[in-house]
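To be precise, the following lines are query-v5.txt, and they hold compact mmCIF, C-alpha atoms.
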```txt
# COMPACT_ATOMS: atom_id res chain seq x y z
CA MET A 1 48.08 6.14 -47.56
CA LYS A 2 47.62 2.49 -46.69
CA ARG A 3 49.87 2.91 -43.66
CA ILE A 4 47.82 5.90 -42.43
CA PHE A 5 44.63 3.87 -42.86
CA LEU A 6 46.07 0.99 -40.78
CA LEU A 7 47.17 3.39 -38.05
CA LEU A 8 43.67 4.86 -37.96
CA ILE A 9 42.16 1.38 -37.57
CA LEU A 10 44.56 0.57 -34.70
CA PHE A 11 43.74 3.89 -33.01
CA LEU A 12 39.98 3.27 -33.21
CA PHE A 13 40.46 -0.29 -31.95
CA SER A 14 42.46 0.93 -28.95
CA ILE A 15 39.70 3.41 -28.07
CA SER A 16 37.03 0.70 -28.22
CA CYS A 17 39.15 -1.51 -25.97
CA LYS A 18 39.47 1.30 -23.45
CA LYS A 19 35.71 1.81 -23.48
CA GLU A 20 35.18 -1.90 -23.02
CA ASN A 21 37.62 -1.93 -20.11
CA ILE A 22 35.72 0.88 -18.45
CA GLN A 23 32.53 -1.12 -18.69
CA ILE A 24 34.17 -4.28 -17.42
CA SER A 25 35.67 -2.44 -14.44
CA ASN A 26 32.23 -1.38 -13.23
CA ASP A 27 31.65 -2.62 -9.68
CA ASN A 28 28.35 -4.40 -9.16
CA ILE A 29 27.71 -4.31 -5.42
CA THR A 30 24.99 -6.63 -4.13
CA ILE A 31 23.28 -5.42 -0.96
CA SER A 32 20.49 -8.00 -0.92
CA SER A 33 18.44 -10.12 -3.31
CA ARG A 34 16.42 -6.95 -4.00
CA VAL A 35 19.01 -4.18 -3.91
CA ASN A 36 22.27 -3.60 -5.76
CA TYR A 37 24.22 -0.78 -7.31
CA ILE A 38 26.70 -0.48 -10.17
CA GLU A 39 29.43 2.15 -10.20
CA GLY A 40 29.85 3.39 -13.74
CA PHE A 41 32.28 5.88 -15.29
CA ASN A 42 29.87 8.82 -15.02
CA SER A 43 27.08 7.57 -12.77
CA LEU A 44 25.94 5.12 -10.15
CA THR A 45 22.96 2.93 -11.04
CA LEU A 46 20.93 1.78 -8.06
CA THR A 47 18.31 -0.96 -8.43
CA SER A 48 15.82 -1.47 -5.60
CA GLY A 49 13.06 -3.92 -6.41
CA LYS A 50 11.26 -2.58 -9.50
CA PHE A 51 12.81 0.90 -9.11
CA LYS A 52 16.01 2.20 -10.67
CA ASN A 53 17.97 5.39 -10.03
CA VAL A 54 20.79 6.58 -12.28
CA ILE A 55 22.67 9.07 -10.13
CA PRO A 56 25.39 11.25 -11.71
CA ASN A 57 28.69 10.84 -9.87
CA LYS A 58 28.97 14.63 -9.62
CA ASN A 59 25.93 14.59 -7.29
CA LEU A 60 27.60 12.22 -4.82
CA PRO A 61 27.99 12.12 -1.93
CA PHE A 62 24.60 13.56 -1.04
CA LYS A 63 24.82 16.41 1.46
CA LYS A 64 21.15 16.89 2.44
CA ALA A 65 18.78 13.95 2.94
CA MET A 66 15.18 13.55 4.09
CA LEU A 67 13.63 10.34 5.45
CA LEU A 68 9.95 9.56 5.06
CA ASN A 69 10.04 6.41 7.18
CA SER A 70 11.69 6.14 10.59
CA SER A 71 13.00 2.59 10.03
CA LEU A 72 15.93 4.14 8.11
CA ILE A 73 16.99 6.38 11.01
CA GLY A 74 19.09 3.59 12.52
CA PHE A 75 21.40 3.43 9.50
CA PHE A 76 22.14 7.15 9.71
CA SER A 77 22.72 6.95 13.47
CA GLU A 78 25.04 3.96 13.12
CA LEU A 79 27.22 5.90 10.65
CA ASN A 80 27.00 9.21 12.55
CA LEU A 81 25.19 10.81 9.61
CA GLU A 82 22.46 12.58 11.60
CA ASN A 83 23.80 15.99 10.53
CA LYS A 84 23.02 15.15 6.90
CA ILE A 85 19.33 14.70 7.70
CA THR A 86 17.30 17.85 7.05
CA GLY A 87 13.79 16.44 7.38
CA VAL A 88 11.90 13.49 8.87
CA SER A 89 8.30 12.38 9.04
CA ASN A 90 6.51 11.13 12.17
CA PRO A 91 9.18 12.32 14.65
CA GLU A 92 7.08 10.98 17.52
CA TYR A 93 8.09 7.46 16.41
CA ILE A 94 11.82 8.24 16.37
CA PHE A 95 13.87 6.97 19.33
CA SER A 96 17.21 8.71 18.69
CA GLU A 97 17.90 11.48 21.20
CA LYS A 98 20.29 13.16 18.78
CA ILE A 99 17.62 13.39 16.09
CA HIS A 100 15.19 14.96 18.58
CA GLN A 101 17.87 17.41 19.66
CA LEU A 102 18.43 18.46 16.03
CA ILE A 103 14.66 18.81 15.56
CA ASN A 104 14.47 21.05 18.63
CA GLU A 105 17.30 23.15 17.18
CA ASN A 106 15.36 23.45 13.89
CA LYS A 107 18.19 21.71 12.03
CA ILE A 108 15.84 18.86 11.11
CA LEU A 109 12.35 19.67 9.89
CA ASN A 110 9.14 17.83 10.70
CA ILE A 111 7.81 17.26 7.17
CA GLY A 112 4.52 15.60 8.07
CA ASN A 113 3.34 11.99 8.24
CA GLU A 114 2.06 9.12 6.13
CA GLN A 115 -1.29 10.90 5.84
CA LYS A 116 0.10 14.11 4.36
CA TYR A 117 3.58 15.46 3.70
CA ASP A 118 4.38 19.18 3.77
CA ILE A 119 5.49 19.57 0.14
CA GLU A 120 6.19 23.31 0.42
CA LYS A 121 8.47 22.75 3.40
CA ILE A 122 10.30 19.96 1.55
CA LEU A 123 10.80 22.01 -1.63
CA SER A 124 11.95 25.12 0.23
CA ASN A 125 14.59 23.04 2.03
CA LYS A 126 15.90 21.67 -1.31
CA PRO A 127 17.20 18.27 -0.17
CA ASP A 128 19.49 16.34 -2.51
CA VAL A 129 17.69 13.07 -1.85
CA ILE A 130 14.63 11.61 -0.16
CA PHE A 131 14.64 7.99 1.04
CA THR A 132 11.28 6.32 1.50
CA ASN A 133 9.12 3.24 1.03
CA TYR A 134 6.94 3.36 -2.05
CA VAL A 135 3.30 4.16 -1.27
CA PRO A 136 1.03 4.12 -4.38
CA ASN A 137 -1.25 6.81 -2.93
CA PHE A 138 1.65 9.27 -3.04
CA ALA A 139 2.47 8.74 -6.73
CA ASN A 140 1.54 12.35 -7.61
CA THR A 141 3.59 13.69 -4.69
CA TYR A 142 6.60 11.72 -5.86
CA GLU A 143 6.30 13.22 -9.35
CA VAL A 144 6.22 16.75 -7.93
CA LEU A 145 9.37 16.08 -5.90
CA LYS A 146 11.18 14.54 -8.87
CA SER A 147 10.20 17.42 -11.17
CA ASN A 148 11.88 19.77 -8.72
CA GLY A 149 15.21 17.98 -9.05
CA ILE A 150 15.06 15.86 -5.89
CA GLU A 151 16.47 12.33 -6.13
CA LEU A 152 13.79 9.99 -4.82
CA ILE A 153 15.03 6.56 -3.70
CA PHE A 154 12.52 3.84 -2.84
CA LEU A 155 14.09 1.16 -0.64
CA ASP A 156 11.11 -0.79 0.81
CA ASP A 157 13.43 -2.23 3.46
CA PHE A 158 10.48 -3.89 5.21
CA MET A 159 10.50 -6.50 2.43
CA GLU A 160 13.95 -7.78 3.42
CA GLN A 161 13.70 -11.10 5.28
CA ASP A 162 17.40 -11.81 5.82
CA PRO A 163 18.65 -9.89 8.90
CA LEU A 164 22.21 -9.54 7.60
CA GLU A 165 21.05 -8.36 4.18
CA LYS A 166 18.98 -5.65 5.84
CA SER A 167 22.00 -4.59 7.94
CA LYS A 168 24.02 -4.50 4.73
CA TYR A 169 22.06 -1.41 3.66
CA LEU A 170 24.82 0.31 5.65
CA LEU A 171 27.07 -0.14 2.60
CA LEU A 172 24.54 1.61 0.39
CA PHE A 173 24.11 4.59 2.72
CA GLY A 174 27.87 4.74 3.20
CA LYS A 175 28.38 4.92 -0.56
CA LEU A 176 25.67 7.53 -1.16
CA LEU A 177 26.60 9.75 1.79
CA GLY A 178 30.38 9.64 1.86
CA LYS A 179 30.99 7.12 4.66
CA GLU A 180 31.97 4.12 2.55
CA GLU A 181 34.95 2.85 4.55
CA GLU A 182 33.23 3.35 7.91
CA ALA A 183 30.17 1.51 6.58
CA LYS A 184 32.30 -1.46 5.48
CA LYS A 185 33.97 -1.74 8.90
CA THR A 186 30.68 -1.37 10.75
CA TYR A 187 28.90 -3.98 8.66
CA GLN A 188 31.83 -6.40 8.92
CA ASN A 189 31.68 -6.13 12.71
CA ILE A 190 27.92 -6.83 12.69
CA GLU A 191 28.35 -9.81 10.36
CA ASP A 192 31.20 -11.28 12.44
CA ASN A 193 29.21 -10.96 15.66
CA TYR A 194 26.09 -12.45 14.06
CA LYS A 195 27.94 -15.47 12.69
CA LYS A 196 29.67 -16.04 16.02
CA ILE A 197 26.28 -16.29 17.74
CA GLN A 198 24.99 -18.55 14.96
CA ALA A 199 27.92 -20.89 15.55
CA LEU A 200 27.25 -20.94 19.28
CA SER A 201 23.59 -21.78 18.76
CA LYS A 202 24.49 -24.73 16.52
CA LYS A 203 26.70 -26.17 19.27
CA SER A 204 24.00 -25.85 21.92
CA ARG A 205 22.08 -28.97 22.94
CA SER A 206 18.95 -27.09 23.96
CA ASN A 207 16.09 -26.92 21.47
CA SER A 208 13.61 -24.37 22.80
CA LEU A 209 10.15 -24.22 21.23
CA VAL A 210 9.17 -20.61 20.53
CA LEU A 211 5.89 -18.71 20.14
CA CYS A 212 5.64 -15.13 18.78
CA ASN A 213 3.38 -12.08 19.07
CA GLU A 214 -0.14 -12.10 20.54
CA MET A 215 -3.79 -11.86 19.57
CA TYR A 216 -5.39 -8.81 17.97
CA GLY A 217 -9.13 -9.07 17.97
CA SER A 218 -10.08 -12.60 17.00
CA GLN A 219 -6.82 -13.53 15.27
CA TRP A 220 -3.24 -14.26 16.24
CA PHE A 221 -0.88 -12.87 13.61
CA LEU A 222 2.24 -15.03 13.60
CA PRO A 223 5.33 -14.21 11.54
CA GLY A 224 5.56 -16.51 8.53
CA GLY A 225 8.15 -19.27 8.58
CA SER A 226 10.25 -17.43 6.00
CA SER A 227 10.01 -14.05 7.71
CA PHE A 228 12.67 -11.80 9.22
CA VAL A 229 11.69 -12.78 12.78
CA ALA A 230 11.55 -16.50 11.97
CA ARG A 231 15.08 -16.28 10.57
CA LEU A 232 16.34 -14.60 13.76
CA ILE A 233 14.71 -17.30 15.91
CA LYS A 234 16.30 -20.04 13.82
CA ASP A 235 19.75 -18.41 13.86
CA ALA A 236 19.52 -17.98 17.63
CA GLY A 237 18.83 -21.70 18.03
CA GLY A 238 15.11 -21.50 18.70
CA ASP A 239 12.53 -23.92 17.32
CA TYR A 240 9.76 -21.70 15.97
CA ILE A 241 6.27 -23.24 15.89
CA LEU A 242 5.76 -22.10 12.27
CA LYS A 243 9.26 -22.94 11.05
CA ASP A 244 7.88 -25.12 8.21
CA ASN A 245 5.62 -22.37 6.90
CA LYS A 246 6.83 -20.79 3.62
CA GLU A 247 5.25 -17.35 4.02
CA SER A 248 7.32 -14.22 4.65
CA SER A 249 4.27 -12.17 5.66
CA SER A 250 2.12 -12.59 8.77
CA VAL A 251 -0.05 -15.68 9.08
CA PRO A 252 -3.44 -15.16 10.82
CA LEU A 253 -4.53 -18.05 13.04
CA SER A 254 -7.31 -18.53 15.59
CA PHE A 255 -6.54 -18.92 19.29
CA GLU A 256 -7.47 -22.60 19.05
CA GLU A 257 -4.96 -23.20 16.24
CA VAL A 258 -2.15 -21.47 18.14
CA PHE A 259 -3.11 -23.26 21.37
CA VAL A 260 -2.63 -26.66 19.70
CA LYS A 261 0.67 -25.69 18.04
CA SER A 262 2.11 -24.16 21.21
CA GLU A 263 1.33 -27.07 23.55
CA ASN A 264 5.01 -27.54 24.47
CA VAL A 265 6.30 -24.00 23.95
CA ASP A 266 9.06 -22.86 26.32
CA TYR A 267 9.37 -19.20 25.27
CA TRP A 268 6.82 -16.63 24.19
CA ILE A 269 8.55 -13.61 22.63
CA ASN A 270 7.82 -10.26 20.94
CA ILE A 271 4.84 -9.54 23.14
CA SER A 272 3.66 -5.92 23.07
CA PRO A 273 4.24 -3.83 26.24
CA HIS A 274 2.27 -4.75 29.36
CA LYS A 275 2.81 -3.96 33.04
CA ASN A 276 2.58 -7.62 34.04
CA LYS A 277 1.07 -10.99 33.08
CA LYS A 278 -2.16 -10.08 34.84
CA GLU A 279 -2.61 -7.12 32.49
CA LEU A 280 -1.94 -9.41 29.53
CA LEU A 281 -4.86 -11.56 30.65
CA THR A 282 -7.20 -8.57 30.45
CA MET A 283 -6.46 -8.53 26.71
CA ASN A 284 -7.44 -12.17 26.37
CA PRO A 285 -8.35 -14.40 29.38
CA ASN A 286 -7.74 -17.50 27.24
CA TYR A 287 -3.99 -17.00 27.64
CA SER A 288 -4.34 -18.52 31.11
CA LYS A 289 -5.07 -21.88 29.46
CA MET A 290 -1.66 -21.94 27.79
CA LYS A 291 1.18 -23.89 29.33
CA VAL A 292 3.74 -21.26 28.30
CA PHE A 293 1.77 -18.53 30.10
CA ASN A 294 1.80 -20.49 33.35
CA SER A 295 5.23 -22.13 33.34
CA GLY A 296 7.21 -20.68 30.43
CA LYS A 297 9.16 -17.46 29.91
CA LEU A 298 7.51 -14.40 28.34
CA TYR A 299 9.39 -11.51 26.75
CA MET A 300 8.34 -8.11 25.43
CA ILE A 301 10.28 -5.92 22.97
CA ASN A 302 10.07 -2.72 24.98
CA ASN A 303 13.35 -2.59 26.89
CA ARG A 304 14.32 0.48 24.85
CA GLU A 305 11.07 2.34 24.48
CA LYS A 306 10.21 6.00 24.92
CA ASP A 307 6.65 7.26 24.45
CA ASN A 308 5.65 6.04 20.95
CA ALA A 309 9.21 5.24 19.88
CA ASN A 310 10.80 1.79 20.16
CA ASP A 311 14.49 1.32 19.43
CA TYR A 312 13.88 -2.32 18.44
CA PHE A 313 12.46 -0.90 15.19
CA GLU A 314 15.27 1.66 14.81
CA SER A 315 18.77 0.60 15.85
CA GLY A 316 17.52 -3.01 16.06
CA VAL A 317 16.91 -2.97 12.30
CA VAL A 318 20.62 -2.29 11.75
CA ARG A 319 22.17 -4.15 14.69
CA CYS A 320 20.71 -7.57 13.95
CA ASP A 321 23.68 -9.02 15.84
CA LEU A 322 22.46 -7.41 19.07
CA VAL A 323 18.88 -8.59 18.49
CA LEU A 324 20.20 -12.09 17.81
CA ARG A 325 22.24 -11.95 21.02
CA ASP A 326 19.09 -11.12 22.98
CA TYR A 327 17.26 -14.10 21.52
CA PHE A 328 20.28 -16.35 22.08
CA LYS A 329 20.47 -15.35 25.76
CA ILE A 330 16.75 -16.05 26.14
CA PHE A 331 16.77 -19.45 24.41
CA HIS A 332 20.06 -20.63 25.97
CA PRO A 333 20.13 -19.55 29.64
CA GLU A 334 22.69 -22.28 30.32
CA ASP A 335 25.26 -20.64 28.02
CA VAL A 336 27.59 -18.25 29.87
CA THR A 337 29.12 -16.55 26.82
CA PHE A 338 27.05 -13.36 27.22
CA GLN A 339 26.09 -13.88 30.85
CA SER A 340 27.46 -10.51 32.01
CA GLU A 341 25.74 -8.60 29.20
CA PRO A 342 22.14 -7.48 29.83
CA LEU A 343 19.32 -7.83 27.32
CA ILE A 344 19.15 -4.78 25.06
CA TYR A 345 15.78 -4.84 23.34
CA MET A 346 13.89 -7.54 25.25
CA LYS A 347 12.32 -7.40 28.70
CA GLU A 348 10.81 -10.29 30.63
CA LEU A 349 7.11 -10.06 31.41
CA LYS A 350 6.38 -11.37 34.91
```
Written as structure tokens, how would this file's structure read?
Amino acid sequence: MKRIFLLLILFLFSISCKKENIQISNDNITISSRVNYIEGFNSLTLTSGKFKNVIPNKNLPFKKAMLLNSSLIGFFSELNLENKITGVSNPEYIFSEKIHQLINENKILNIGNEQKYDIEKILSNKPDVIFTNYVPNFANTYEVLKSNGIELIFLDDFMEQDPLEKSKYLLLFGKLLGKEEEAKKTYQNIEDNYKKIQALSKKSRSNSLVLCNEMYGSQWFLPGGSSFVARLIKDAGGDYILKDNKESSSVPLSFEEVFVKSENVDYWINISPHKNKKELLTMNPNYSKMKVFNSGKLYMINNREKDNANDYFESGVVRCDLVLRDYFKIFHPEDVTFQSEPLIYMKELK
């Protein structure tokens, strides 16, 4: 009897060890400081900011996905996952020709816009998952979608300020949609290219002072010194006029404040589309007083633009290495590394 009791204890102990091993073997994959996922024995737990999704492994990979914000389109295009998209919002802001072709073939539905989504159309399509940014005004809509068995994943990618961490969302989409190995290779290529350009910029002797954006009304909204754009400028070897600012959001300044800070600026980038510098002056004649307007280089972000859609905000979100290369070419015209390669997203304003 004693021997049977000891054997029972050993059996129970071995089971507990196995359970513990299963827990220990869970893979915790960090996408960014905000996003990570853990692969468990029966489910995948995704954490995105304050939101958490526990997704049963039997539901993966997702076969039918809808996107409520066009900034995520680039990730699907990069992984050739367009055929898994069954619905999008605001198609007029989507650049991808393939997505528009699928919309025209009624393979992708137009499910509305940020003012109102077509809930009936969404529910009748029965997507496995919807990816979106969280908008408090749509809290009731989200509950309706969840109650109908749709996995709702809030990513809020606009809050990411590290370009490579945002590109790393590829790994998440690869995992959730069955393109894990392709996503790893694609991201590795982007990271390698990005770091190569970073290394080149550190070797360069030039130190170009950089100004961003333009005035809207009475204020000039500059990217904060800890923002996504500021990081790209720094990594490309530019000297951003607000580099010491700690904000990640936009910083509103008056024309006079920007005028003083940009006294010795060499490059003015991320200007909205204009036909020429003369047209820019019609927006604000005070630009003519700026040294950079008269003797510097001005660049818009509309080299890949079609109607209301701009690929800088689509594929550029994913291919931060290509955006960085554009900035590097602009800030370091003396460097011949990418001399034969044209700008992709940027266009000079003359």
Practice problem: Find the distance between atom CA of Lys243 of chain A and atom CA of Asp156 of chain A and write it in Å to one decimal. | Solution: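 Rounded to one decimal, the two atoms are 24.5 Å apart.
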Exercise. Show me as a ChimeraX atom specification the residues that reach within 9 Å of (20.4, -12.1, 28.3), counting all atoms listed in the file and using the file's own coordinates.
Key: /A:325-330,332-333,338-344,346
Please produce, as a tab-separated table, a per-residue contact table for segment 102-218 of chain A versus segment 46-62 of chain A (criterion: any atom at most 12 Å away, all atoms listed in the file considered), showing the nearest atom pair and its distance in Å to one decimal, sorted by chain then residue number.
```
residue	atom	partner	partner_atom	distance
A:Lys126	CA	A:Phe62	CA	11.9
A:Pro127	CA	A:Phe62	CA	8.8
A:Asp128	CA	A:Phe62	CA	6.0
A:Val129	CA	A:Phe62	CA	7.0
A:Ile130	CA	A:Phe62	CA	10.2
A:Phe131	CA	A:Phe62	CA	11.6
A:Thr132	CA	A:Ser48	CA	11.5
A:Asn133	CA	A:Ser48	CA	10.5
A:Tyr134	CA	A:Phe51	CA	9.5
A:Lys146	CA	A:Asn53	CA	11.5
A:Gly149	CA	A:Asn59	CA	11.4
A:Ile150	CA	A:Phe62	CA	10.9
A:Glu151	CA	A:Ile55	CA	8.1
A:Leu152	CA	A:Asn53	CA	8.1
A:Ile153	CA	A:Asn53	CA	7.1
A:Phe154	CA	A:Ser48	CA	6.8
A:Leu155	CA	A:Ser48	CA	5.9
A:Asp156	CA	A:Ser48	CA	8.0
A:Asp157	CA	A:Ser48	CA	9.4
A:Phe158	CA	A:Gly49	CA	11.9
A:Met159	CA	A:Gly49	CA	9.6
A:Glu160	CA	A:Gly49	CA	10.6
A:Tyr169	CA	A:Ser48	CA	11.2
A:Leu172	CA	A:Leu46	CA	9.2
A:Phe173	CA	A:Pro61	CA	9.7
A:Gly174	CA	A:Pro61	CA	9.0
A:Lys175	CA	A:Pro61	CA	7.3
A:Leu176	CA	A:Pro61	CA	5.2
A:Leu177	CA	A:Pro61	CA	4.6
A:Gly178	CA	A:Pro61	CA	5.1
A:Lys179	CA	A:Pro61	CA	8.8
A:Glu180	CA	A:Pro61	CA	10.0
```
Quiz item: How many Å lie between atom CA of Tyr267 of chain A and atom CA of Asn286 of chain A, rounded to one decimal?
Solution: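 Atom-to-atom, atom CA of Tyr267 of chain A to atom CA of Asn286 of chain A, that is 17.3 Å.
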If we count all atoms listed in the file and set the cut-off at 12 Å, which residues sit around Val135 of chain A, ignoring sequence neighbours fewer than 4 positions away in its own chain? Please answer as a PDB file with C-alpha atoms, keeping the file's coordinate frame.
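Saved to out-v2.pdb:
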```pdb
ATOM      1  CA  LEU A  68       9.950   9.560   5.060  1.00  0.00           C
ATOM      2  CA  ASN A  69      10.040   6.410   7.180  1.00  0.00           C
ATOM      3  CA  GLU A 114       2.060   9.120   6.130  1.00  0.00           C
ATOM      4  CA  GLN A 115      -1.290  10.900   5.840  1.00  0.00           C
ATOM      5  CA  LYS A 116       0.100  14.110   4.360  1.00  0.00           C
ATOM      6  CA  ALA A 139       2.470   8.740  -6.730  1.00  0.00           C
ATOM      7  CA  ASN A 140       1.540  12.350  -7.610  1.00  0.00           C
ATOM      8  CA  THR A 141       3.590  13.690  -4.690  1.00  0.00           C
ATOM      9  CA  TYR A 142       6.600  11.720  -5.860  1.00  0.00           C
ATOM     10  CA  PHE A 154      12.520   3.840  -2.840  1.00  0.00           C
ATOM     11  CA  LEU A 155      14.090   1.160  -0.640  1.00  0.00           C
ATOM     12  CA  ASP A 156      11.110  -0.790   0.810  1.00  0.00           C
TER      13      ASP A 156
END
```
Practice problem: Check the smallest atom-to-atom distance from each of A:Gln161, A:Val323, A:Ile119, A:Glu78 to Lys246 of chain A using all atoms listed in the file, then report the winner. | Solution: A:Gln161
Exercise. Pick out the residues sitting within 12 Å of Leu222 of chain A, and hand them over as a ChimeraX atom specification; count all atoms listed in the file, and ignore anything fewer than 5 positions along from it in its own chain.
Key: /A:210-216,227-230,240-243,245,247-255,257-258,261-262,268-271
For the selection just defined, write its residues with C-alpha atoms to a file, as a PDB file, keeping the file's coordinate frame.
```pdb
ATOM      1  CA  VAL A 210       9.170 -20.610  20.530  1.00  0.00           C
ATOM      2  CA  LEU A 211       5.890 -18.710  20.140  1.00  0.00           C
ATOM      3  CA  CYS A 212       5.640 -15.130  18.780  1.00  0.00           C
ATOM      4  CA  ASN A 213       3.380 -12.080  19.070  1.00  0.00           C
ATOM      5  CA  GLU A 214      -0.140 -12.100  20.540  1.00  0.00           C
ATOM      6  CA  MET A 215      -3.790 -11.860  19.570  1.00  0.00           C
ATOM      7  CA  TYR A 216      -5.390  -8.810  17.970  1.00  0.00           C
ATOM      8  CA  SER A 227      10.010 -14.050   7.710  1.00  0.00           C
ATOM      9  CA  PHE A 228      12.670 -11.800   9.220  1.00  0.00           C
ATOM     10  CA  VAL A 229      11.690 -12.780  12.780  1.00  0.00           C
ATOM     11  CA  ALA A 230      11.550 -16.500  11.970  1.00  0.00           C
ATOM     12  CA  TYR A 240       9.760 -21.700  15.970  1.00  0.00           C
ATOM     13  CA  ILE A 241       6.270 -23.240  15.890  1.00  0.00           C
ATOM     14  CA  LEU A 242       5.760 -22.100  12.270  1.00  0.00           C
ATOM     15  CA  LYS A 243       9.260 -22.940  11.050  1.00  0.00           C
ATOM     16  CA  ASN A 245       5.620 -22.370   6.900  1.00  0.00           C
ATOM     17  CA  GLU A 247       5.250 -17.350   4.020  1.00  0.00           C
ATOM     18  CA  SER A 248       7.320 -14.220   4.650  1.00  0.00           C
ATOM     19  CA  SER A 249       4.270 -12.170   5.660  1.00  0.00           C
ATOM     20  CA  SER A 250       2.120 -12.590   8.770  1.00  0.00           C
ATOM     21  CA  VAL A 251      -0.050 -15.680   9.080  1.00  0.00           C
ATOM     22  CA  PRO A 252      -3.440 -15.160  10.820  1.00  0.00           C
ATOM     23  CA  LEU A 253      -4.530 -18.050  13.040  1.00  0.00           C
ATOM     24  CA  SER A 254      -7.310 -18.530  15.590  1.00  0.00           C
ATOM     25  CA  PHE A 255      -6.540 -18.920  19.290  1.00  0.00           C
ATOM     26  CA  GLU A 257      -4.960 -23.200  16.240  1.00  0.00           C
ATOM     27  CA  VAL A 258      -2.150 -21.470  18.140  1.00  0.00           C
ATOM     28  CA  LYS A 261       0.670 -25.690  18.040  1.00  0.00           C
ATOM     29  CA  SER A 262       2.110 -24.160  21.210  1.00  0.00           C
ATOM     30  CA  TRP A 268       6.820 -16.630  24.190  1.00  0.00           C
ATOM     31  CA  ILE A 269       8.550 -13.610  22.630  1.00  0.00           C
ATOM     32  CA  ASN A 270       7.820 -10.260  20.940  1.00  0.00           C
ATOM     33  CA  ILE A 271       4.840  -9.540  23.140  1.00  0.00           C
TER      34      ILE A 271
END
```
Quiz prompt | Distance criterion (only C-alpha atoms): nearest to Thr337 of chain A out of A:Leu281, A:Ile197, A:Ile29, A:Leu67 | solution =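 The shortest atom-to-atom distance to Thr337 of chain A comes from A:Ile197.
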Quiz item: Suppose you want the space between atom CA of Lys202 of chain A and atom CA of Asp321 of chain A; what is it in Å?
Solution: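 Computing the Euclidean distance for atom CA of Lys202 of chain A and atom CA of Asp321 of chain A yields 15.7 Å.
Here the selection is built from all atoms listed in the file, and the residues within 10 Å of (9.3, -26.3, 30.0) turn out to be Ser208, Leu209, Asn264, Val265, Asp266, Tyr267, Lys291, Val292, Ser295, Gly296 and Lys297 of chain A.
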Quiz item: Looking at all atoms listed in the file, which of A:Ser33, A:Ser147, A:Gln198, A:Ser204 is the one that sits closest to Val336 of chain A?
Solution: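 Nearest to Val336 of chain A: A:Ser204.
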Quiz prompt | Residue among A:Met66, A:Ile94, A:Val144, A:Leu324 lying closest to Gly238 of chain A, counting all atoms listed in the file | solution = A:Leu324
Practice problem: Do a neighbour search on Tyr93 of chain A at 7 Å with all atoms listed in the file, toss out local chain neighbours closer than 5 positions, and write the hits as a list in words. | Solution: Ser70, Asn308 and Ala309 of chain A
